[in-house]
$ cat work.pdb   # PDB, C-alpha atoms
MODEL        1
ATOM      1  CA  MET O 162      81.937   9.243 -30.653  1.00  0.00           C
ATOM      2  CA  ILE O 163      83.830   9.816 -33.875  1.00  0.00           C
ATOM      3  CA  ASP O 164      86.936   8.445 -32.311  1.00  0.00           C
ATOM      4  CA  GLU O 165      85.184   5.322 -31.288  1.00  0.00           C
ATOM      5  CA  ASN O 166      83.907   4.825 -34.836  1.00  0.00           C
ATOM      6  CA  LYS O 167      87.346   5.340 -36.161  1.00  0.00           C
ATOM      7  CA  GLN O 168      88.657   2.793 -33.703  1.00  0.00           C
ATOM      8  CA  ILE O 169      85.999   0.324 -34.739  1.00  0.00           C
ATOM      9  CA  ASN O 170      86.775   0.882 -38.359  1.00  0.00           C
ATOM     10  CA  ASN O 171      90.473   0.440 -37.729  1.00  0.00           C
ATOM     11  CA  THR O 172      89.833  -2.674 -35.757  1.00  0.00           C
ATOM     12  CA  SER O 173      87.644  -3.985 -38.492  1.00  0.00           C
ATOM     13  CA  GLN O 174      90.199  -3.248 -41.085  1.00  0.00           C
ATOM     14  CA  GLN O 175      92.789  -4.966 -39.033  1.00  0.00           C
ATOM     15  CA  LEU O 176      90.653  -7.981 -38.504  1.00  0.00           C
ATOM     16  CA  GLY O 177      89.631  -7.941 -42.128  1.00  0.00           C
ATOM     17  CA  GLU O 178      85.917  -7.604 -41.539  1.00  0.00           C
ATOM     18  CA  PRO O 179      83.850  -6.747 -44.549  1.00  0.00           C
ATOM     19  CA  THR O 180      82.333  -3.398 -45.113  1.00  0.00           C
ATOM     20  CA  GLU O 181      78.801  -4.783 -44.899  1.00  0.00           C
ATOM     21  CA  VAL O 182      79.263  -5.690 -41.272  1.00  0.00           C
ATOM     22  CA  LYS O 183      80.288  -2.189 -40.551  1.00  0.00           C
ATOM     23  CA  GLN O 184      77.235  -0.855 -42.283  1.00  0.00           C
ATOM     24  CA  ALA O 185      75.078  -3.217 -40.340  1.00  0.00           C
ATOM     25  CA  MET O 186      76.616  -2.064 -37.135  1.00  0.00           C
ATOM     26  CA  LYS O 187      76.003   1.531 -38.123  1.00  0.00           C
ATOM     27  CA  SER O 188      72.370   0.775 -38.679  1.00  0.00           C
ATOM     28  CA  ASP O 189      71.700  -0.554 -35.186  1.00  0.00           C
ATOM     29  CA  PHE O 190      70.058   2.583 -33.871  1.00  0.00           C
ATOM     30  CA  PRO O 191      67.560   2.971 -36.684  1.00  0.00           C
ATOM     31  CA  ALA O 192      66.542  -0.634 -36.209  1.00  0.00           C
ATOM     32  CA  GLN O 193      65.752   0.097 -32.605  1.00  0.00           C
ATOM     33  CA  VAL O 194      63.604   3.003 -33.650  1.00  0.00           C
ATOM     34  CA  ASN O 195      61.707   0.794 -36.057  1.00  0.00           C
ATOM     35  CA  PHE O 196      61.176  -1.711 -33.306  1.00  0.00           C
ATOM     36  CA  ASN O 197      59.607   0.931 -31.131  1.00  0.00           C
ATOM     37  CA  GLU O 198      57.392   1.960 -33.986  1.00  0.00           C
ATOM     38  CA  SER O 199      56.289  -1.651 -34.502  1.00  0.00           C
ATOM     39  CA  GLY O 200      55.478  -1.897 -30.830  1.00  0.00           C
ATOM     40  CA  SER O 201      53.261   1.133 -31.073  1.00  0.00           C
ATOM     41  CA  GLU O 202      51.432  -0.424 -33.981  1.00  0.00           C
ATOM     42  CA  VAL O 203      50.947  -3.636 -32.008  1.00  0.00           C
ATOM     43  CA  THR O 204      49.695  -1.641 -29.032  1.00  0.00           C
ATOM     44  CA  GLU O 205      47.256   0.168 -31.265  1.00  0.00           C
ATOM     45  CA  GLN O 206      46.076  -3.130 -32.768  1.00  0.00           C
ATOM     46  CA  VAL O 207      45.575  -4.637 -29.311  1.00  0.00           C
ATOM     47  CA  ALA O 208      43.722  -1.554 -28.179  1.00  0.00           C
ATOM     48  CA  GLY O 209      41.608  -1.698 -31.295  1.00  0.00           C
ATOM     49  CA  GLN O 210      40.821  -5.337 -30.696  1.00  0.00           C
ATOM     50  CA  THR O 211      39.972  -4.507 -27.081  1.00  0.00           C
ATOM     51  CA  ASN O 212      37.603  -1.750 -28.228  1.00  0.00           C
ATOM     52  CA  VAL O 213      35.994  -4.066 -30.759  1.00  0.00           C
ATOM     53  CA  SER O 214      35.551  -6.736 -28.095  1.00  0.00           C
ATOM     54  CA  GLY O 215      34.012  -4.176 -25.754  1.00  0.00           C
ATOM     55  CA  ASP O 216      31.654  -2.952 -28.425  1.00  0.00           C
ATOM     56  CA  THR O 217      30.708  -6.549 -29.239  1.00  0.00           C
ATOM     57  CA  ALA O 218      29.996  -7.245 -25.557  1.00  0.00           C
ATOM     58  CA  VAL O 219      27.863  -4.100 -25.290  1.00  0.00           C
ATOM     59  CA  ASN O 220      26.003  -5.014 -28.443  1.00  0.00           C
ATOM     60  CA  SER O 221      25.475  -8.527 -27.096  1.00  0.00           C
ATOM     61  CA  GLU O 222      24.104  -7.153 -23.832  1.00  0.00           C
ATOM     62  CA  ASN O 223      21.803  -4.808 -25.740  1.00  0.00           C
ATOM     63  CA  SER O 224      20.623  -7.682 -27.935  1.00  0.00           C
ATOM     64  CA  VAL O 225      19.939  -9.866 -24.895  1.00  0.00           C
ATOM     65  CA  ALA O 226      18.066  -7.020 -23.202  1.00  0.00           C
ATOM     66  CA  ALA O 227      16.016  -6.406 -26.358  1.00  0.00           C
ATOM     67  CA  THR O 228      15.256 -10.120 -26.642  1.00  0.00           C
ATOM     68  CA  GLU O 229      14.175 -10.250 -23.005  1.00  0.00           C
ATOM     69  CA  LYS O 230      12.016  -7.143 -23.494  1.00  0.00           C
ATOM     70  CA  THR O 231      10.419  -8.667 -26.608  1.00  0.00           C
ATOM     71  CA  GLY O 232       9.709 -11.882 -24.701  1.00  0.00           C
ATOM     72  CA  VAL O 233       8.077  -9.960 -21.855  1.00  0.00           C
ATOM     73  CA  GLU O 234       5.965  -7.968 -24.280  1.00  0.00           C
ATOM     74  CA  THR O 235       4.961 -11.149 -26.112  1.00  0.00           C
ATOM     75  CA  ALA O 236       3.992 -12.828 -22.837  1.00  0.00           C
ATOM     76  CA  ALA O 237       1.981  -9.754 -21.781  1.00  0.00           C
ATOM     77  CA  LEU O 238       0.257  -9.638 -25.171  1.00  0.00           C
ATOM     78  CA  ALA O 239      -0.564 -13.339 -24.953  1.00  0.00           C
ATOM     79  CA  GLU O 240      -1.999 -12.852 -21.485  1.00  0.00           C
ATOM     80  CA  LEU O 241      -4.125  -9.893 -22.625  1.00  0.00           C
ATOM     81  CA  THR O 242      -5.340 -11.911 -25.622  1.00  0.00           C
ATOM     82  CA  GLN O 243      -6.292 -14.769 -23.312  1.00  0.00           C
ATOM     83  CA  GLN O 244      -8.152 -12.364 -21.018  1.00  0.00           C
ATOM     84  CA  ILE O 245     -10.020 -10.902 -24.015  1.00  0.00           C
ATOM     85  CA  GLU O 246     -11.006 -14.368 -25.201  1.00  0.00           C
ATOM     86  CA  SER O 247     -12.178 -15.227 -21.699  1.00  0.00           C
ATOM     87  CA  VAL O 248     -14.275 -12.049 -21.538  1.00  0.00           C
ATOM     88  CA  LYS O 249     -15.741 -12.833 -24.983  1.00  0.00           C
ATOM     89  CA  THR O 250     -16.637 -16.341 -23.855  1.00  0.00           C
ATOM     90  CA  GLN O 251     -18.302 -15.013 -20.701  1.00  0.00           C
ATOM     91  CA  LEU O 252     -20.182 -12.420 -22.759  1.00  0.00           C
ATOM     92  CA  GLU O 253     -21.453 -15.099 -25.156  1.00  0.00           C
ATOM     93  CA  GLU O 254     -22.534 -17.267 -22.226  1.00  0.00           C
ATOM     94  CA  ARG O 255     -24.352 -14.337 -20.614  1.00  0.00           C
ATOM     95  CA  SER O 256     -25.996 -13.425 -23.935  1.00  0.00           C
ATOM     96  CA  THR O 257     -27.144 -17.011 -24.444  1.00  0.00           C
ATOM     97  CA  GLN O 258     -28.423 -17.165 -20.879  1.00  0.00           C
ATOM     98  CA  TYR O 259     -30.263 -13.871 -21.342  1.00  0.00           C
ATOM     99  CA  MET O 260     -31.872 -15.069 -24.590  1.00  0.00           C
ATOM    100  CA  ARG O 261     -32.919 -18.313 -22.895  1.00  0.00           C
ATOM    101  CA  ILE O 262     -34.426 -16.437 -19.945  1.00  0.00           C
ATOM    102  CA  ALA O 263     -36.194 -14.014 -22.317  1.00  0.00           C
ATOM    103  CA  ALA O 264     -37.630 -16.927 -24.326  1.00  0.00           C
ATOM    104  CA  ASP O 265     -38.736 -18.718 -21.160  1.00  0.00           C
ATOM    105  CA  PHE O 266     -40.384 -15.543 -19.890  1.00  0.00           C
ATOM    106  CA  GLU O 267     -42.169 -15.000 -23.221  1.00  0.00           C
ATOM    107  CA  ASN O 268     -43.440 -18.595 -23.169  1.00  0.00           C
ATOM    108  CA  TYR O 269     -44.529 -18.157 -19.552  1.00  0.00           C
ATOM    109  CA  ARG O 270     -46.332 -14.929 -20.434  1.00  0.00           C
ATOM    110  CA  LYS O 271     -48.158 -16.557 -23.346  1.00  0.00           C
ATOM    111  CA  ARG O 272     -49.024 -19.618 -21.271  1.00  0.00           C
ATOM    112  CA  THR O 273     -50.364 -17.587 -18.345  1.00  0.00           C
ATOM    113  CA  SER O 274     -52.290 -15.331 -20.736  1.00  0.00           C
ATOM    114  CA  LYS O 275     -53.849 -18.385 -22.407  1.00  0.00           C
ATOM    115  CA  GLU O 276     -54.656 -19.947 -19.036  1.00  0.00           C
ATOM    116  CA  LYS O 277     -56.214 -16.675 -17.888  1.00  0.00           C
ATOM    117  CA  GLU O 278     -58.366 -16.489 -21.027  1.00  0.00           C
ATOM    118  CA  ASP O 279     -59.429 -20.116 -20.630  1.00  0.00           C
ATOM    119  CA  LEU O 280     -60.288 -19.540 -16.980  1.00  0.00           C
ATOM    120  CA  GLU O 281     -62.322 -16.438 -17.771  1.00  0.00           C
ATOM    121  CA  LEU O 282     -64.110 -18.311 -20.549  1.00  0.00           C
ATOM    122  CA  GLN O 283     -64.829 -21.254 -18.258  1.00  0.00           C
ATOM    123  CA  VAL O 284     -66.233 -18.976 -15.534  1.00  0.00           C
ATOM    124  CA  LYS O 285     -68.353 -17.154 -18.097  1.00  0.00           C
ATOM    125  CA  ARG O 286     -69.530 -20.456 -19.569  1.00  0.00           C
ATOM    126  CA  ASN O 287     -70.520 -21.877 -16.190  1.00  0.00           C
ATOM    127  CA  THR O 288     -72.364 -18.685 -15.240  1.00  0.00           C
ATOM    128  CA  ILE O 289     -74.296 -18.562 -18.498  1.00  0.00           C
ATOM    129  CA  LEU O 290     -75.172 -22.242 -18.271  1.00  0.00           C
ATOM    130  CA  GLU O 291     -76.789 -21.499 -14.913  1.00  0.00           C
ATOM    131  CA  LEU O 292     -78.891 -18.761 -16.530  1.00  0.00           C
ATOM    132  CA  LEU O 293     -80.043 -20.702 -19.598  1.00  0.00           C
ATOM    133  CA  PRO O 294     -82.753 -22.695 -17.737  1.00  0.00           C
ATOM    134  CA  ILE O 295     -84.321 -19.366 -16.750  1.00  0.00           C
ATOM    135  CA  VAL O 296     -84.415 -18.380 -20.435  1.00  0.00           C
ATOM    136  CA  ASP O 297     -85.981 -21.767 -21.243  1.00  0.00           C
ATOM    137  CA  ASN O 298     -88.728 -21.200 -18.662  1.00  0.00           C
ATOM    138  CA  PHE O 299     -89.512 -17.769 -20.075  1.00  0.00           C
ATOM    139  CA  GLU O 300     -89.847 -19.267 -23.539  1.00  0.00           C
ATOM    140  CA  ARG O 301     -92.125 -22.084 -22.307  1.00  0.00           C
ATOM    141  CA  ALA O 302     -94.319 -19.598 -20.471  1.00  0.00           C
ATOM    142  CA  ARG O 303     -94.605 -17.456 -23.564  1.00  0.00           C
ATOM    143  CA  SER O 304     -95.646 -20.422 -25.712  1.00  0.00           C
ATOM    144  CA  HIS O 305     -98.225 -21.739 -23.224  1.00  0.00           C
ATOM    145  CA  LEU O 306     -99.764 -18.601 -21.783  1.00  0.00           C
ATOM    146  CA  LYS O 307    -102.519 -16.969 -23.783  1.00  0.00           C
ATOM    147  CA  PRO O 308    -103.445 -13.690 -22.106  1.00  0.00           C
ATOM    148  CA  GLN O 309    -107.168 -12.879 -22.419  1.00  0.00           C
ATOM    149  CA  SER O 310    -107.862  -9.900 -20.236  1.00  0.00           C
ATOM    150  CA  GLU O 311    -106.149  -6.565 -20.038  1.00  0.00           C
ATOM    151  CA  GLY O 312    -104.519  -7.500 -16.718  1.00  0.00           C
ATOM    152  CA  GLU O 313    -103.129 -10.698 -18.149  1.00  0.00           C
ATOM    153  CA  MET O 314    -101.771  -8.790 -21.102  1.00  0.00           C
ATOM    154  CA  THR O 315    -100.079  -6.309 -18.781  1.00  0.00           C
ATOM    155  CA  MET O 316     -98.468  -9.170 -16.856  1.00  0.00           C
ATOM    156  CA  HIS O 317     -97.449 -10.828 -20.109  1.00  0.00           C
ATOM    157  CA  LYS O 318     -95.735  -7.663 -21.296  1.00  0.00           C
ATOM    158  CA  SER O 319     -93.945  -7.315 -17.951  1.00  0.00           C
ATOM    159  CA  TYR O 320     -92.271 -10.688 -17.957  1.00  0.00           C
ATOM    160  CA  GLN O 321     -91.601 -10.384 -21.686  1.00  0.00           C
ATOM    161  CA  GLY O 322     -89.676  -7.186 -20.888  1.00  0.00           C
ATOM    162  CA  VAL O 323     -87.628  -9.087 -18.311  1.00  0.00           C
ATOM    163  CA  TYR O 324     -87.045 -11.866 -20.821  1.00  0.00           C
ATOM    164  CA  LYS O 325     -85.874  -9.389 -23.458  1.00  0.00           C
ATOM    165  CA  GLN O 326     -83.493  -7.735 -20.987  1.00  0.00           C
ATOM    166  CA  LEU O 327     -82.003 -11.123 -20.083  1.00  0.00           C
ATOM    167  CA  VAL O 328     -81.586 -12.100 -23.741  1.00  0.00           C
ATOM    168  CA  ASP O 329     -79.895  -8.766 -24.544  1.00  0.00           C
ATOM    169  CA  SER O 330     -77.455  -9.302 -21.662  1.00  0.00           C
ATOM    170  CA  LEU O 331     -76.564 -12.743 -22.998  1.00  0.00           C
ATOM    171  CA  LYS O 332     -75.984 -11.299 -26.464  1.00  0.00           C
ATOM    172  CA  ARG O 333     -73.534  -8.747 -25.059  1.00  0.00           C
ATOM    173  CA  LEU O 334     -71.645 -11.651 -23.467  1.00  0.00           C
ATOM    174  CA  GLY O 335     -71.306 -13.328 -26.875  1.00  0.00           C
ATOM    175  CA  VAL O 336     -74.189 -15.803 -26.596  1.00  0.00           C
ATOM    176  CA  SER O 337     -76.175 -16.556 -29.745  1.00  0.00           C
ATOM    177  CA  PRO O 338     -78.952 -19.144 -30.307  1.00  0.00           C
ATOM    178  CA  MET O 339     -78.823 -21.996 -32.794  1.00  0.00           C
ATOM    179  CA  ARG O 340     -81.379 -22.261 -35.596  1.00  0.00           C
ATOM    180  CA  PRO O 341     -81.182 -25.965 -36.527  1.00  0.00           C
ATOM    181  CA  GLU O 342     -84.631 -26.486 -38.130  1.00  0.00           C
ATOM    182  CA  GLY O 343     -84.277 -27.789 -41.669  1.00  0.00           C
ATOM    183  CA  GLN O 344     -80.535 -28.405 -41.345  1.00  0.00           C
ATOM    184  CA  GLU O 345     -78.767 -31.726 -41.494  1.00  0.00           C
ATOM    185  CA  PHE O 346     -78.192 -33.369 -38.148  1.00  0.00           C
ATOM    186  CA  ASP O 347     -74.687 -32.633 -36.799  1.00  0.00           C
ATOM    187  CA  PRO O 348     -73.604 -34.555 -33.675  1.00  0.00           C
ATOM    188  CA  ASN O 349     -71.158 -31.780 -32.847  1.00  0.00           C
ATOM    189  CA  LEU O 350     -74.034 -29.315 -32.528  1.00  0.00           C
ATOM    190  CA  HIS O 351     -77.177 -31.338 -31.952  1.00  0.00           C
ATOM    191  CA  GLU O 352     -78.426 -34.048 -29.657  1.00  0.00           C
ATOM    192  CA  ALA O 353     -81.155 -36.254 -31.183  1.00  0.00           C
ATOM    193  CA  VAL O 354     -83.773 -37.161 -28.601  1.00  0.00           C
ATOM    194  CA  MET O 355     -86.598 -38.155 -31.026  1.00  0.00           C
ATOM    195  CA  ARG O 356     -86.927 -39.675 -34.491  1.00  0.00           C
ATOM    196  CA  GLU O 357     -89.967 -39.205 -36.649  1.00  0.00           C
ATOM    197  CA  PRO O 358     -90.551 -41.366 -39.742  1.00  0.00           C
ATOM    198  CA  THR O 359     -91.437 -39.194 -42.721  1.00  0.00           C
ATOM    199  CA  ASP O 360     -91.062 -39.110 -46.449  1.00  0.00           C
ATOM    200  CA  GLU O 361     -91.314 -35.322 -46.682  1.00  0.00           C
ATOM    201  CA  HIS O 362     -87.721 -34.712 -45.569  1.00  0.00           C
ATOM    202  CA  PRO O 363     -84.456 -36.580 -46.178  1.00  0.00           C
ATOM    203  CA  GLU O 364     -83.235 -38.854 -43.460  1.00  0.00           C
ATOM    204  CA  GLY O 365     -81.227 -37.000 -40.807  1.00  0.00           C
ATOM    205  CA  THR O 366     -82.941 -33.657 -41.282  1.00  0.00           C
ATOM    206  CA  VAL O 367     -83.699 -31.713 -38.083  1.00  0.00           C
ATOM    207  CA  LEU O 368     -87.478 -31.388 -37.921  1.00  0.00           C
ATOM    208  CA  GLU O 369     -87.897 -29.526 -34.643  1.00  0.00           C
ATOM    209  CA  GLU O 370     -85.776 -27.967 -31.902  1.00  0.00           C
ATOM    210  CA  LEU O 371     -87.086 -29.202 -28.569  1.00  0.00           C
ATOM    211  CA  VAL O 372     -84.535 -27.433 -26.334  1.00  0.00           C
ATOM    212  CA  ARG O 373     -82.654 -24.516 -27.833  1.00  0.00           C
ATOM    213  CA  GLY O 374     -78.914 -24.749 -28.276  1.00  0.00           C
ATOM    214  CA  TYR O 375     -76.521 -21.812 -27.895  1.00  0.00           C
ATOM    215  CA  TYR O 376     -73.080 -20.685 -29.040  1.00  0.00           C
ATOM    216  CA  LEU O 377     -70.596 -18.784 -26.910  1.00  0.00           C
ATOM    217  CA  GLY O 378     -68.541 -16.968 -29.489  1.00  0.00           C
ATOM    218  CA  ASP O 379     -67.546 -19.660 -31.986  1.00  0.00           C
ATOM    219  CA  ARG O 380     -67.830 -22.504 -29.460  1.00  0.00           C
ATOM    220  CA  VAL O 381     -70.808 -24.623 -28.564  1.00  0.00           C
ATOM    221  CA  LEU O 382     -72.228 -23.523 -25.238  1.00  0.00           C
ATOM    222  CA  ARG O 383     -75.095 -26.017 -25.153  1.00  0.00           C
ATOM    223  CA  HIS O 384     -76.141 -28.644 -27.678  1.00  0.00           C
ATOM    224  CA  ALA O 385     -79.615 -28.343 -29.125  1.00  0.00           C
ATOM    225  CA  MET O 386     -82.046 -31.176 -28.374  1.00  0.00           C
ATOM    226  CA  VAL O 387     -83.782 -31.932 -31.639  1.00  0.00           C
ATOM    227  CA  LYS O 388     -86.218 -34.262 -33.420  1.00  0.00           C
ATOM    228  CA  VAL O 389     -84.714 -35.889 -36.509  1.00  0.00           C
ATOM    229  CA  ALA O 390     -86.393 -37.246 -39.658  1.00  0.00           C
ATOM    230  CA  ALA O 391     -86.243 -41.015 -40.163  1.00  0.00           C
ATOM    231  CA  PRO O 392     -87.205 -43.050 -43.257  1.00  0.00           C
ATOM    232  CA  LYS O 393     -90.881 -44.045 -43.344  1.00  0.00           C
ATOM    233  CA  GLU O 394     -91.348 -47.801 -43.102  1.00  0.00           C
ATOM    234  CA  ASP O 395     -93.538 -49.573 -45.686  1.00  0.00           C
ATOM    235  CA  THR O 396     -96.616 -51.413 -44.374  1.00  0.00           C
ATOM    236  CA  PRO O 397     -96.016 -55.193 -44.681  1.00  0.00           C
ATOM    237  CA  PHE O 398     -98.627 -57.124 -46.736  1.00  0.00           C
ATOM    238  CA  ALA O 399     -97.440 -60.644 -45.986  1.00  0.00           C
ATOM    239  CA  PRO O 400     -99.696 -61.233 -42.933  1.00  0.00           C
ATOM    240  CA  GLU O 401    -102.843 -60.305 -44.923  1.00  0.00           C
ATOM    241  CA  ASP O 402    -101.900 -62.674 -47.736  1.00  0.00           C
ATOM    242  CA  GLN O 403    -101.349 -65.453 -45.230  1.00  0.00           C
ATOM    243  CA  SER O 404    -104.735 -64.842 -43.543  1.00  0.00           C
ATOM    244  CA  SER O 405    -106.626 -64.832 -46.871  1.00  0.00           C
ATOM    245  CA  SER O 406    -105.009 -68.069 -47.940  1.00  0.00           C
ATOM    246  CA  ALA O 407    -105.926 -69.639 -44.607  1.00  0.00           C
ATOM    247  CA  ASN O 408    -109.594 -68.639 -44.969  1.00  0.00           C
ATOM    248  CA  SER O 409    -109.780 -70.132 -48.417  1.00  0.00           C
TER     249      SER O 409
ENDMDL
END
$ encode --input "work.pdb" --output "C-alpha cells"
Amino acid sequence: MIDENKQINNTSQQLGEPTEVKQAMKSDFPAQVNFNESGSEVTEQVAGQTNVSGDTAVNSENSVAATEKTGVETAALAELTQQIESVKTQLEERSTQYMRIAADFENYRKRTSKEKEDLELQVKRNTILELLPIVDNFERARSHLKPQSEGEMTMHKSYQGVYKQLVDSLKRLGVSPMRPEGQEFDPNLHEAVMREPTDEHPEGTVLEELVRGYYLGDRVLRHAMVKVAAPKEDTPFAPEDQSSSANS
C-alpha cells in the first residue's frame, strides 16, 4: 500500500501534478465515509417522514371516527327530542280531552239534577192541585154549616179534624195560603173576577178573596180569585134638568 502511494507520488512528480491533487486523492476514502453517513441521515429523515405520515393518517382516521360518532349521537339525541315532543303533544291533547269530558260531565250532571228537581216539583204541583178543591170544599162547608145540636157539633169537629190534618200535610209539602185582602191587585198573584165601585178604598185594592190562592215554596201554585175596588161613579144630573125644563 505504501509502495503504491510512493509510485503514485513519483508518477505525479514526473507528470508535474500539483500537490493539491494528491491530497484530494488521499482524501477519497473519508469522502466515501461521509457519503454513507449522509445516506443514513436521509434514511432517518425518510423514516421520520413515514412515521409522521402514519401518525397523521391514524389521527385522521380517529378524527373521522369521532366525527361519525358525534353525528350518530346528535342524530340519536334529535330523535329522542322529537319523541319527547311527540309525547308532550299527546299528553296535552289527552289532558285537554279529559278536561273537556270532565266539563261535559259536570254540565250533564247539573242539567240532569235540574231536570230531576223540575220534574219532582211538577209532580208535586200537579198532585197538590188535585187536592186543593177538597180543601176548598171543606172551607165552604165550614162557612155554611151552623151546627145546632150536640150530634151536629160532633160531626163538625170530626170533619174539621180531617181538614186540619190535610192542611198540615200541605204545609209540610211547602204549601202556604195567600192573604190578599187589603193589598194592591197584582196580576202575577191574583185573578180579578169582580169589581166593586167604592170610595172607601183606592182603586185596585183587593176587597175580598173569593177562591184562596196558594204558594208552593216561593212560586205561585194557584192564583187567588179576588174582588177588586173600582172608582165609584157620580150620579148624572143632566136627565133631571132636561125633564124639569120640559115640564116648564
$ atom_distance --input "work.pdb" --atom1 "atom CA of O:Lys285" --atom2 "atom CA of O:Leu327"
15.1 Å
$ atom_distance --input "work.pdb" --atom1 "atom CA of O:Thr242" --atom2 "atom CA of O:Gln258"
24.1 Å
$ closest_residue --input "work.pdb" --among "O:Gln243, O:Gln344, O:Ser304, O:Ser310" --to "O:Glu369" --atoms "all atoms listed in the file"
O:Gln344
$ closest_residue --input "work.pdb" --among "O:His384, O:Arg333, O:Arg373, O:Arg301" --to "O:Asp347" --atoms "all atoms listed in the file"
O:His384
$ resolve_selection --input "work.pdb" --expression "the PyMOL selection byres ((chain O and resi 367) around 7)" --output "mmCIF file with C-alpha atoms, in the coordinates of the input"
data_model
loop_
_atom_site.group_PDB
_atom_site.id
_atom_site.type_symbol
_atom_site.label_atom_id
_atom_site.label_comp_id
_atom_site.auth_asym_id
_atom_site.auth_seq_id
_atom_site.Cartn_x
_atom_site.Cartn_y
_atom_site.Cartn_z
ATOM 1 C CA PRO O 341 -81.182 -25.965 -36.527
ATOM 2 C CA GLU O 342 -84.631 -26.486 -38.130
ATOM 3 C CA GLY O 343 -84.277 -27.789 -41.669
ATOM 4 C CA GLN O 344 -80.535 -28.405 -41.345
ATOM 5 C CA GLU O 345 -78.767 -31.726 -41.494
ATOM 6 C CA PHE O 346 -78.192 -33.369 -38.148
ATOM 7 C CA GLY O 365 -81.227 -37.000 -40.807
ATOM 8 C CA THR O 366 -82.941 -33.657 -41.282
ATOM 9 C CA LEU O 368 -87.478 -31.388 -37.921
ATOM 10 C CA GLU O 369 -87.897 -29.526 -34.643
ATOM 11 C CA VAL O 387 -83.782 -31.932 -31.639
ATOM 12 C CA LYS O 388 -86.218 -34.262 -33.420
ATOM 13 C CA VAL O 389 -84.714 -35.889 -36.509
ATOM 14 C CA ALA O 390 -86.393 -37.246 -39.658
#
$ closest_residue --input "work.pdb" --among "O:Ser319, O:Leu331, O:Phe299, O:Ala385" --to "O:Asn349" --atoms "all atoms listed in the file"
O:Ala385
$ atom_distance --input "work.pdb" --atom1 "atom CA of O:Val354" --atom2 "atom CA of O:Pro294"
18.1 Å
$ closest_residue --input "work.pdb" --among "O:Gly374, O:Pro392, O:Gly232, O:Gly322" --to "O:Pro338" --atoms "all atoms listed in the file"
O:Gly374
$ resolve_selection --input "work.pdb" --expression "the PyMOL selection byres ((chain O and resi 377-382) around 12)" --output "PyMOL selection string"
chain O and resi 282-283+285-293+331-339+348-351+373-376+383-385
$ residues_around --input "work.pdb" --residues "O:Tyr320" --least-positions-apart "2" --cutoff "12 Å" --atoms "all atoms listed in the file" --output "NGL selection string"
:O and (295-296 or 298-300 or 302-303 or 306 or 313-318 or 322-327)
